2 protein chains.
Amino acid sequence: MTKKYLQPDVTVDVVLFMIEDGDLKVLLVEREHGPYEGMRALPGGYLHEGETTRIAADRVLHNKAGVDNVYIEQLYTFDTPGRDPRGPNFSISYVALVPSPLPIGESDDVQKPEWFSTKKLSKLAFDHQEIIDYAIERLRGKLEYTTIGFNALPKLFTLSQLQQVYEVILDKTLDKRNFRKKMDQLKMIKETKHVLSGMRQRPAKMYSLLAKPGTIKNF
Amino acid sequence: MTKKYLQPDVTVDVVLFMIEDGDLKVLLVEREHGPYEGMRALPGGYLHEGETTRIAADRVLHNKAGVDNVYIEQLYTFDTPGRDPRGPNFSISYVALVPSPLPIGESDDVQKPEWFSTKKLSKLAFDHQEIIDYAIERLRGKLEYTTIGFNALPKLFTLSQLQQVYEVILDKTLDKRNFRKKMDQLKMIKETKHVLSGMRQRPAKMYSLLAKPGTIKNF
DNA sequence: ACAAAAGTGTTCGATATACACCCATGT
DNA sequence: ACATGGGTGTATATCGAACACTTTTGT
C-alpha cells in the first residue's frame, strides 16, 4: 500500500484586486500574531475540514472583504522551502477581481482589511509580494484574450470606465478612438438605454457585456 | 492562535508530453494497487518529507521516464471533492515536455510506463483525463507566446521538425512558407553548419534556438 | 528516372496605429 | 462662457493568409 508521508500545512491566500482612482489596488490585512506580526499580508487562512480550496477562498473573501459571488480563479501553489518560518507550508493562491465602487460596506474584521495601491507597497509578510506580482501578470495576460476585465466594473459601465480598466491593468495609455473601434468590432458589449449623468460634462452612454466567455485581442 | 485543521493528502502528478509520429503523446503508468487498479494513470505519488512539489515532480520524471533536466512547470492544483475515493486529496500537477527522440532508455519500473497518443485514450484513473486536457490547453496557449515548443526538440533541429511541433500541438496544419517567414523575422533561431542527411531526400539545414525567454506571436 | 521532402516570393485583405476636433452637460 | 470629459473618421503601416514550383538527395 501507499505509505503516508509528511503532509505540509495547507493555507489559502487570496489576491483581491479592485480599480480605484486610476490605480490597481489590492486588499491586505494586518497580521495579528505569529511570524511577521504587525506586517501587511494577503487575506487567507487554513483550510477547514471538508473544504475545497475554492470554498476556502470564497470564505476568505466573504469574511475579509464582505463580498460574495465575485470573479475568482486559482493562481498558483507556492511551496518554496522556508516560505513560512513555522514549517513546511503550501499556499494555494487565488486571484479575484471586484467591481469598483464596491457595493459592500466596511469590514469590522480584527485584521483591518485595507486597500493598497499595487504600485507602492511596503514590505509584506511571507512571499506575498511575489504572489501579488504573479497575480498581476496573470491578470494582464488574461485581459488580452478573455473578458476578465469586465469583472472590475458594475453591470452597466461607460466606455471610458472600460478603457480605464484596460489602461490601469496594462499600465499604459490607450487611444480612445482605437479602443472604441475595437470594442465595436468585437461585438461583446451592447449599448443600453441608460446614461451616466450628473458629472458636470456630457453624459456618457452606458453599456453591458454580452457574451460571457469572449475573446479579445491586442490592446 | 491559528488552529490546525484537517490536512488533505498531497500528491504530485506529472503530465509528460512528447511528440512522436506526428502525434502528441503522454506518458502513463499502470496502477498496481488501490483504487483504479489495473487502469492507466499519470505518473505521480506522495510527497516525501522535506520535498517541494517541484522536486517531487523531478523525482517522478526521473523514476518513471528516466529523464532529468527537462522542461517542467506547475499546472494546477486539483482538489475536487471525491477525486480520490480514499479521502480528501490534492493533486498538484505539473506539465513537462521532452525532446523526441528520447535520449534515454527504457524504464524497468513495475508500473510499466508507456507512451499513449492523447487522441485516443481509454478511461483513466481518478480525474487524470481532465488534468491531461488542461495540460494540453496550457501547452497550446503557451506555444503562441513563448518558446515552450522548442523543448519538444533536440538542440539542433530542422524547420520541418519545428513546424511539426507547432502543427501537432495546435492540431492544425500550417503553411510552410508562412511558417518559415515568421520564424525568420522573429530572429529566435539561427542556422548552424549542420545538416540532417541520410533520409532519401534533400538534406535539411539544422537550426538552434537563440534567445531563451522569447516571444512568439500568432501561429 | 523517380520519389520525397527541402527550399523559396508575391499578392491581397485584415488589423493595428497614429492623429484632432466638435458635442453636451454642469457650473 | 467656460471647463470637462464624451464622442467621432481617415490614412498608413504592419501582419496574416493564400497560393505552386524548383532543388537536392537516396534509391
# chains A, B, ... in the order shown; residues from 1 in each chain; ligands from 1
call {"tool": "residues_around", "arguments": {"residues": "range 13-26 of chain C", "least_positions_apart": "3", "cutoff": "6 Å", "atoms": "only C-alpha atoms (C1' of nucleotides)", "output": "VMD selection string"}}
result
chain A and resid 200 to 202
call {"tool": "write_last_selection", "arguments": {"atoms": "N, CA and C atoms", "output": "PDB file, in the first residue's frame"}}
result
ATOM      1  N   ARG A 200     -20.843  67.148 -14.289  1.00  0.00           N
ATOM      2  CA  ARG A 200     -20.525  68.414 -14.967  1.00  0.00           C
ATOM      3  C   ARG A 200     -19.909  68.294 -16.377  1.00  0.00           C
ATOM      4  N   GLN A 201     -20.245  67.217 -17.078  1.00  0.00           N
ATOM      5  CA  GLN A 201     -19.892  67.177 -18.502  1.00  0.00           C
ATOM      6  C   GLN A 201     -20.944  66.357 -19.245  1.00  0.00           C
ATOM      7  N   ARG A 202     -20.750  66.208 -20.488  1.00  0.00           N
ATOM      8  CA  ARG A 202     -21.700  65.465 -21.324  1.00  0.00           C
ATOM      9  C   ARG A 202     -21.950  64.070 -20.757  1.00  0.00           C
TER      10      ARG A 202
END
call {"tool": "calpha_fit_and_write", "arguments": {"fixed": "chain B", "moving": "chain A", "output": "mmCIF file with C-alpha atoms, in the first residue's frame"}}
result
data_model
loop_
_atom_site.group_PDB
_atom_site.id
_atom_site.type_symbol
_atom_site.label_atom_id
_atom_site.label_comp_id
_atom_site.auth_asym_id
_atom_site.auth_seq_id
_atom_site.Cartn_x
_atom_site.Cartn_y
_atom_site.Cartn_z
ATOM 1 C CA MET A 1 -2.962 31.029 17.790
ATOM 2 C CA THR A 2 -3.956 29.591 14.505
ATOM 3 C CA LYS A 3 -5.705 26.280 14.997
ATOM 4 C CA LYS A 4 -4.702 23.344 12.818
ATOM 5 C CA TYR A 5 -7.370 21.909 10.574
ATOM 6 C CA LEU A 6 -7.545 18.614 8.793
ATOM 7 C CA GLN A 7 -4.825 18.444 6.190
ATOM 8 C CA PRO A 8 -5.620 16.544 3.018
ATOM 9 C CA ASP A 9 -3.182 14.153 1.386
ATOM 10 C CA VAL A 10 -0.915 15.864 -1.097
ATOM 11 C CA THR A 11 0.154 14.090 -4.246
ATOM 12 C CA VAL A 12 2.079 15.287 -7.239
ATOM 13 C CA ASP A 13 1.132 14.186 -10.754
ATOM 14 C CA VAL A 14 3.052 14.890 -13.910
ATOM 15 C CA VAL A 15 1.713 15.203 -17.434
ATOM 16 C CA LEU A 16 4.738 14.395 -19.564
ATOM 17 C CA PHE A 17 4.378 15.097 -23.273
ATOM 18 C CA MET A 18 6.427 14.069 -26.264
ATOM 19 C CA ILE A 19 5.814 14.421 -29.973
ATOM 20 C CA GLU A 20 6.224 11.260 -31.993
ATOM 21 C CA ASP A 21 4.917 10.081 -35.355
ATOM 22 C CA GLY A 22 3.059 13.329 -35.827
ATOM 23 C CA ASP A 23 1.175 12.775 -32.620
ATOM 24 C CA LEU A 24 1.138 14.324 -29.164
ATOM 25 C CA LYS A 25 1.891 11.547 -26.712
ATOM 26 C CA VAL A 26 1.582 11.402 -22.947
ATOM 27 C CA LEU A 27 3.335 9.074 -20.517
ATOM 28 C CA LEU A 28 1.033 6.873 -18.450
ATOM 29 C CA VAL A 29 1.662 4.154 -15.899
ATOM 30 C CA GLU A 30 -0.419 1.204 -14.828
ATOM 31 C CA ARG A 31 -1.883 1.260 -11.331
ATOM 32 C CA GLU A 32 -0.671 -1.702 -9.343
ATOM 33 C CA HIS A 33 -2.875 -1.379 -6.276
ATOM 34 C CA GLY A 34 -5.669 0.521 -4.664
ATOM 35 C CA PRO A 35 -8.419 2.395 -6.419
ATOM 36 C CA TYR A 36 -8.465 2.109 -10.207
ATOM 37 C CA GLU A 37 -6.138 -0.903 -10.045
ATOM 38 C CA GLY A 38 -5.005 -1.984 -13.481
ATOM 39 C CA MET A 39 -6.061 1.275 -15.107
ATOM 40 C CA ARG A 40 -3.748 3.794 -16.666
ATOM 41 C CA ALA A 41 -2.867 6.889 -14.678
ATOM 42 C CA LEU A 42 -0.490 9.803 -14.733
ATOM 43 C CA PRO A 43 2.846 9.108 -13.098
ATOM 44 C CA GLY A 44 2.892 10.642 -9.650
ATOM 45 C CA GLY A 45 3.020 9.979 -5.970
ATOM 46 C CA TYR A 46 3.044 11.298 -2.460
ATOM 47 C CA LEU A 47 5.363 14.051 -1.388
ATOM 48 C CA HIS A 48 8.420 12.935 0.531
ATOM 49 C CA GLU A 49 9.395 14.655 3.728
ATOM 50 C CA GLY A 50 11.039 18.012 3.149
ATOM 51 C CA GLU A 51 10.408 17.868 -0.566
ATOM 52 C CA THR A 52 8.897 20.663 -2.582
ATOM 53 C CA THR A 53 6.327 19.725 -5.184
ATOM 54 C CA ARG A 54 8.763 20.711 -7.900
ATOM 55 C CA ILE A 55 11.413 18.316 -6.542
ATOM 56 C CA ALA A 56 8.812 15.587 -6.270
ATOM 57 C CA ALA A 57 7.843 16.149 -9.905
ATOM 58 C CA ASP A 58 11.490 15.898 -10.942
ATOM 59 C CA ARG A 59 11.771 12.664 -8.984
ATOM 60 C CA VAL A 60 8.713 11.225 -10.689
ATOM 61 C CA LEU A 61 10.163 12.086 -14.096
ATOM 62 C CA HIS A 62 13.456 10.552 -13.184
ATOM 63 C CA ASN A 63 11.944 7.330 -11.901
ATOM 64 C CA LYS A 64 9.193 6.800 -14.444
ATOM 65 C CA ALA A 65 10.682 8.222 -17.602
ATOM 66 C CA GLY A 66 14.390 8.207 -16.848
ATOM 67 C CA VAL A 67 14.699 11.854 -17.793
ATOM 68 C CA ASP A 68 16.304 14.732 -15.939
ATOM 69 C CA ASN A 69 16.557 18.454 -16.507
ATOM 70 C CA VAL A 70 13.573 18.646 -18.793
ATOM 71 C CA TYR A 71 11.149 21.470 -19.251
ATOM 72 C CA ILE A 72 8.578 21.440 -16.465
ATOM 73 C CA GLU A 73 6.118 23.890 -14.984
ATOM 74 C CA GLN A 74 3.376 23.762 -12.429
ATOM 75 C CA LEU A 75 -0.059 23.308 -13.984
ATOM 76 C CA TYR A 76 -2.840 23.443 -11.426
ATOM 77 C CA THR A 77 -3.914 22.115 -8.072
ATOM 78 C CA PHE A 78 -6.877 19.789 -8.345
ATOM 79 C CA ASP A 79 -8.936 19.238 -5.223
ATOM 80 C CA THR A 80 -12.416 18.377 -6.408
ATOM 81 C CA PRO A 81 -14.150 16.509 -3.590
ATOM 82 C CA GLY A 82 -14.207 12.789 -4.264
ATOM 83 C CA ARG A 83 -11.397 12.849 -6.794
ATOM 84 C CA ASP A 84 -9.680 10.185 -4.703
ATOM 85 C CA PRO A 85 -12.032 7.598 -3.186
ATOM 86 C CA ARG A 86 -9.631 7.139 -0.273
ATOM 87 C CA GLY A 87 -10.350 10.580 1.110
ATOM 88 C CA PRO A 88 -9.560 14.266 0.778
ATOM 89 C CA ASN A 89 -6.692 14.657 -1.598
ATOM 90 C CA PHE A 90 -4.907 17.318 -3.588
ATOM 91 C CA SER A 91 -3.110 16.702 -6.783
ATOM 92 C CA ILE A 92 -0.552 19.363 -7.504
ATOM 93 C CA SER A 93 0.045 18.761 -11.171
ATOM 94 C CA TYR A 94 2.944 19.622 -13.426
ATOM 95 C CA VAL A 95 3.340 19.652 -17.212
ATOM 96 C CA ALA A 96 6.592 18.579 -18.795
ATOM 97 C CA LEU A 97 7.782 18.292 -22.374
ATOM 98 C CA VAL A 98 10.697 16.202 -23.586
ATOM 99 C CA PRO A 99 12.499 16.128 -26.916
ATOM 100 C CA SER A 100 11.822 13.394 -29.398
ATOM 101 C CA PRO A 101 13.515 11.051 -29.966
ATOM 102 C CA LEU A 102 13.997 10.431 -26.259
ATOM 103 C CA PRO A 103 17.707 10.237 -25.488
ATOM 104 C CA ILE A 104 17.095 7.937 -22.519
ATOM 105 C CA GLY A 105 16.470 4.212 -22.424
ATOM 106 C CA GLU A 106 13.516 2.215 -21.253
ATOM 107 C CA SER A 107 12.343 2.134 -17.667
ATOM 108 C CA ASP A 108 12.059 -1.127 -15.758
ATOM 109 C CA ASP A 109 9.590 0.391 -13.362
ATOM 110 C CA VAL A 110 6.972 -2.016 -12.084
ATOM 111 C CA GLN A 111 4.291 0.394 -13.239
ATOM 112 C CA LYS A 112 5.419 -0.069 -16.853
ATOM 113 C CA PRO A 113 5.341 3.499 -18.112
ATOM 114 C CA GLU A 114 4.229 3.768 -21.723
ATOM 115 C CA TRP A 115 3.523 6.501 -24.220
ATOM 116 C CA PHE A 116 -0.025 6.957 -25.470
ATOM 117 C CA SER A 117 -1.485 9.187 -28.122
ATOM 118 C CA THR A 118 -3.529 11.925 -26.491
ATOM 119 C CA LYS A 119 -6.100 11.465 -29.221
ATOM 120 C CA LYS A 120 -7.330 8.045 -28.294
ATOM 121 C CA LEU A 121 -7.078 7.436 -24.568
ATOM 122 C CA SER A 122 -9.164 4.847 -22.806
ATOM 123 C CA LYS A 123 -10.748 5.734 -19.484
ATOM 124 C CA LEU A 124 -8.104 6.815 -17.013
ATOM 125 C CA ALA A 125 -7.842 6.612 -13.236
ATOM 126 C CA PHE A 126 -9.023 9.465 -11.005
ATOM 127 C CA ASP A 127 -9.615 12.766 -12.823
ATOM 128 C CA HIS A 128 -6.496 12.295 -14.881
ATOM 129 C CA GLN A 129 -8.219 12.781 -18.218
ATOM 130 C CA GLU A 130 -9.292 16.218 -17.037
ATOM 131 C CA ILE A 131 -5.744 17.005 -15.962
ATOM 132 C CA ILE A 132 -4.385 15.984 -19.352
ATOM 133 C CA ASP A 133 -6.970 18.093 -21.154
ATOM 134 C CA TYR A 134 -5.997 21.083 -19.089
ATOM 135 C CA ALA A 135 -2.319 20.411 -19.746
ATOM 136 C CA ILE A 136 -2.910 20.387 -23.496
ATOM 137 C CA GLU A 137 -4.736 23.671 -23.223
ATOM 138 C CA ARG A 138 -1.832 25.164 -21.324
ATOM 139 C CA LEU A 139 0.678 23.863 -23.825
ATOM 140 C CA ARG A 140 -1.340 25.251 -26.715
ATOM 141 C CA GLY A 141 -1.734 28.609 -25.088
ATOM 142 C CA LYS A 142 1.922 29.003 -24.229
ATOM 143 C CA LEU A 143 3.040 27.829 -27.634
ATOM 144 C CA GLU A 144 1.805 31.057 -29.115
ATOM 145 C CA TYR A 145 3.739 33.461 -26.972
ATOM 146 C CA THR A 146 6.698 31.578 -25.546
ATOM 147 C CA THR A 147 9.441 29.261 -26.743
ATOM 148 C CA ILE A 148 7.910 26.286 -24.948
ATOM 149 C CA GLY A 149 7.640 24.329 -28.184
ATOM 150 C CA PHE A 150 11.400 24.106 -28.606
ATOM 151 C CA ASN A 151 11.479 21.772 -25.625
ATOM 152 C CA ALA A 152 9.936 19.108 -27.819
ATOM 153 C CA LEU A 153 13.071 19.090 -29.966
ATOM 154 C CA PRO A 154 16.768 18.376 -29.533
ATOM 155 C CA LYS A 155 19.183 21.317 -29.542
ATOM 156 C CA LEU A 156 19.594 21.040 -33.299
ATOM 157 C CA PHE A 157 16.491 20.696 -35.399
ATOM 158 C CA THR A 158 15.206 21.291 -38.874
ATOM 159 C CA LEU A 159 12.500 23.770 -39.772
ATOM 160 C CA SER A 160 10.202 20.952 -40.778
ATOM 161 C CA GLN A 161 10.595 19.335 -37.393
ATOM 162 C CA LEU A 162 9.849 22.640 -35.723
ATOM 163 C CA GLN A 163 6.800 23.159 -37.876
ATOM 164 C CA GLN A 164 5.568 19.706 -36.975
ATOM 165 C CA VAL A 165 5.789 20.579 -33.290
ATOM 166 C CA TYR A 166 3.516 23.523 -33.879
ATOM 167 C CA GLU A 167 1.163 21.548 -36.060
ATOM 168 C CA VAL A 168 0.799 18.687 -33.630
ATOM 169 C CA ILE A 169 0.259 20.829 -30.561
ATOM 170 C CA LEU A 170 -2.093 23.243 -32.273
ATOM 171 C CA ASP A 171 -3.734 20.380 -34.119
ATOM 172 C CA LYS A 172 -3.818 22.172 -37.436
ATOM 173 C CA THR A 173 -1.691 22.337 -40.546
ATOM 174 C CA LEU A 174 0.423 25.388 -41.200
ATOM 175 C CA ASP A 175 1.729 26.840 -44.429
ATOM 176 C CA LYS A 176 5.415 26.055 -44.876
ATOM 177 C CA ARG A 177 6.405 29.362 -46.410
ATOM 178 C CA ASN A 178 4.503 31.470 -43.929
ATOM 179 C CA PHE A 179 5.898 29.467 -41.049
ATOM 180 C CA ARG A 180 9.458 29.971 -42.243
ATOM 181 C CA LYS A 181 8.917 33.631 -42.955
ATOM 182 C CA LYS A 182 7.651 34.148 -39.405
ATOM 183 C CA MET A 183 10.512 32.182 -37.863
ATOM 184 C CA ASP A 184 12.863 34.273 -39.929
ATOM 185 C CA GLN A 185 11.504 37.611 -38.798
ATOM 186 C CA LEU A 186 11.280 36.545 -35.154
ATOM 187 C CA LYS A 187 15.067 36.069 -35.170
ATOM 188 C CA MET A 188 14.856 33.444 -32.452
ATOM 189 C CA ILE A 189 16.650 30.655 -34.190
ATOM 190 C CA LYS A 190 19.917 30.616 -36.045
ATOM 191 C CA GLU A 191 21.195 28.430 -38.819
ATOM 192 C CA THR A 192 24.034 26.077 -37.917
ATOM 193 C CA LYS A 193 26.601 24.433 -40.135
ATOM 194 C CA HIS A 194 24.965 21.054 -39.599
ATOM 195 C CA VAL A 195 22.588 19.310 -41.939
ATOM 196 C CA LEU A 196 20.327 16.352 -41.461
ATOM 197 C CA SER A 197 21.028 13.915 -44.264
ATOM 198 C CA GLY A 198 20.635 10.238 -45.006
ATOM 199 C CA MET A 199 16.918 10.438 -45.531
ATOM 200 C CA ARG A 200 16.477 9.669 -49.229
ATOM 201 C CA GLN A 201 15.740 13.326 -49.942
ATOM 202 C CA ARG A 202 17.470 16.668 -49.942
ATOM 203 C CA PRO A 203 19.336 17.238 -46.629
ATOM 204 C CA ALA A 204 17.767 19.814 -44.324
ATOM 205 C CA LYS A 205 19.655 22.622 -42.631
ATOM 206 C CA MET A 206 19.684 22.411 -38.880
ATOM 207 C CA TYR A 207 18.939 25.314 -36.586
ATOM 208 C CA SER A 208 19.315 26.110 -32.917
ATOM 209 C CA LEU A 209 17.316 28.301 -30.572
ATOM 210 C CA LEU A 210 18.859 31.666 -29.805
ATOM 211 C CA ALA A 211 17.018 33.503 -27.059
ATOM 212 C CA LYS A 212 15.707 31.650 -24.031
ATOM 213 C CA PRO A 213 12.615 33.539 -22.986
ATOM 214 C CA GLY A 214 11.378 34.745 -26.344
ATOM 215 C CA THR A 215 8.050 35.859 -27.537
ATOM 216 C CA ILE A 216 6.303 34.304 -30.476
ATOM 217 C CA LYS A 217 3.052 35.465 -31.911
ATOM 218 C CA ASN A 218 0.217 34.045 -33.956
ATOM 219 C CA PHE A 219 0.536 30.625 -35.412
#
call {"tool": "interface_residues", "arguments": {"of": "chain C", "to": "chain B", "cutoff": "9 Å", "atoms": "only C-alpha atoms (C1' of nucleotides)", "output": "NGL selection string"}}
result
:C and (3-8)
call {"tool": "write_last_selection", "arguments": {"atoms": "N, CA and C atoms (P, O5', C5', C4', C3', O3' and C1' of nucleotides)", "output": "PDB file, in the first residue's frame"}}
result
ATOM      1  P    DA C   3       7.495   8.149 -59.035  1.00  0.00           P
ATOM      2  O5'  DA C   3       7.616   8.021 -57.447  1.00  0.00           O
ATOM      3  C5'  DA C   3       8.507   7.042 -56.901  1.00  0.00           C
ATOM      4  C4'  DA C   3       9.046   7.531 -55.572  1.00  0.00           C
ATOM      5  C3'  DA C   3       8.068   8.401 -54.790  1.00  0.00           C
ATOM      6  O3'  DA C   3       8.165   8.014 -53.427  1.00  0.00           O
ATOM      7  C1'  DA C   3      10.093   9.566 -55.078  1.00  0.00           C
ATOM      8  P    DA C   4       7.166   8.583 -52.336  1.00  0.00           P
ATOM      9  O5'  DA C   4       8.058   9.671 -51.606  1.00  0.00           O
ATOM     10  C5'  DA C   4       9.192   9.258 -50.827  1.00  0.00           C
ATOM     11  C4'  DA C   4       9.860  10.498 -50.307  1.00  0.00           C
ATOM     12  C3'  DA C   4       8.869  11.510 -49.716  1.00  0.00           C
ATOM     13  O3'  DA C   4       9.239  11.807 -48.399  1.00  0.00           O
ATOM     14  C1'  DA C   4      10.354  12.540 -51.231  1.00  0.00           C
ATOM     15  P    DA C   5       8.119  12.409 -47.363  1.00  0.00           P
ATOM     16  O5'  DA C   5       8.755  13.786 -46.871  1.00  0.00           O
ATOM     17  C5'  DA C   5      10.028  13.741 -46.239  1.00  0.00           C
ATOM     18  C4'  DA C   5      10.859  14.896 -46.737  1.00  0.00           C
ATOM     19  C3'  DA C   5      10.368  16.259 -46.240  1.00  0.00           C
ATOM     20  O3'  DA C   5      11.447  16.876 -45.566  1.00  0.00           O
ATOM     21  C1'  DA C   5      10.893  16.307 -48.535  1.00  0.00           C
ATOM     22  P    DA C   6      11.565  18.360 -45.182  1.00  0.00           P
ATOM     23  O5'  DA C   6      12.525  18.884 -46.353  1.00  0.00           O
ATOM     24  C5'  DA C   6      13.908  18.598 -46.299  1.00  0.00           C
ATOM     25  C4'  DA C   6      14.676  19.658 -47.079  1.00  0.00           C
ATOM     26  C3'  DA C   6      14.535  21.067 -46.514  1.00  0.00           C
ATOM     27  O3'  DA C   6      15.793  21.697 -46.577  1.00  0.00           O
ATOM     28  C1'  DA C   6      13.636  20.976 -48.735  1.00  0.00           C
ATOM     29  P    DG C   7      16.000  23.112 -45.838  1.00  0.00           P
ATOM     30  O5'  DG C   7      15.534  24.136 -46.968  1.00  0.00           O
ATOM     31  C5'  DG C   7      16.350  24.319 -48.125  1.00  0.00           C
ATOM     32  C4'  DG C   7      15.599  25.146 -49.141  1.00  0.00           C
ATOM     33  C3'  DG C   7      15.080  26.494 -48.631  1.00  0.00           C
ATOM     34  O3'  DG C   7      15.797  27.539 -49.263  1.00  0.00           O
ATOM     35  C1'  DG C   7      13.506  25.397 -50.030  1.00  0.00           C
ATOM     36  P    DT C   8      15.702  29.019 -48.664  1.00  0.00           P
ATOM     37  O5'  DT C   8      15.346  29.908 -49.960  1.00  0.00           O
ATOM     38  C5'  DT C   8      15.204  29.321 -51.225  1.00  0.00           C
ATOM     39  C4'  DT C   8      14.091  29.993 -52.023  1.00  0.00           C
ATOM     40  C3'  DT C   8      13.550  31.314 -51.471  1.00  0.00           C
ATOM     41  O3'  DT C   8      13.384  32.227 -52.536  1.00  0.00           O
ATOM     42  C1'  DT C   8      11.782  29.854 -51.842  1.00  0.00           C
TER      43       DT C   8
END
call {"tool": "select_by_dssp", "arguments": {"residues": "chain A", "states": "helix (DSSP H, G or I)", "output": "VMD selection string"}}
result
chain A and resid 53 to 65 128 to 143 148 to 152 159 to 170 176 to 186
call {"tool": "atom_distance", "arguments": {"atom1": "C1' of DA1 in chain C", "atom2": "C1' of DA20 in chain D"}}
result
22.4 Å
call {"tool": "residues_around", "arguments": {"residues": "DC12 in chain C", "least_positions_apart": "2", "cutoff": "12 Å", "atoms": "only C-alpha atoms (C1' of nucleotides)", "output": "list of chain:residue names"}}
result
C:DT10, C:DA14, D:DC15, D:DG16, D:DA17, D:DA18, D:DC19
call {"tool": "select_by_dssp", "arguments": {"residues": "range 93-161 of chain A", "states": "strand (DSSP E)", "output": "count of residues only"}}
result
11
call {"tool": "atom_distance", "arguments": {"atom1": "C1' of DT22 in chain D", "atom2": "C1' of DT11 in chain C"}}
result
20.3 Å
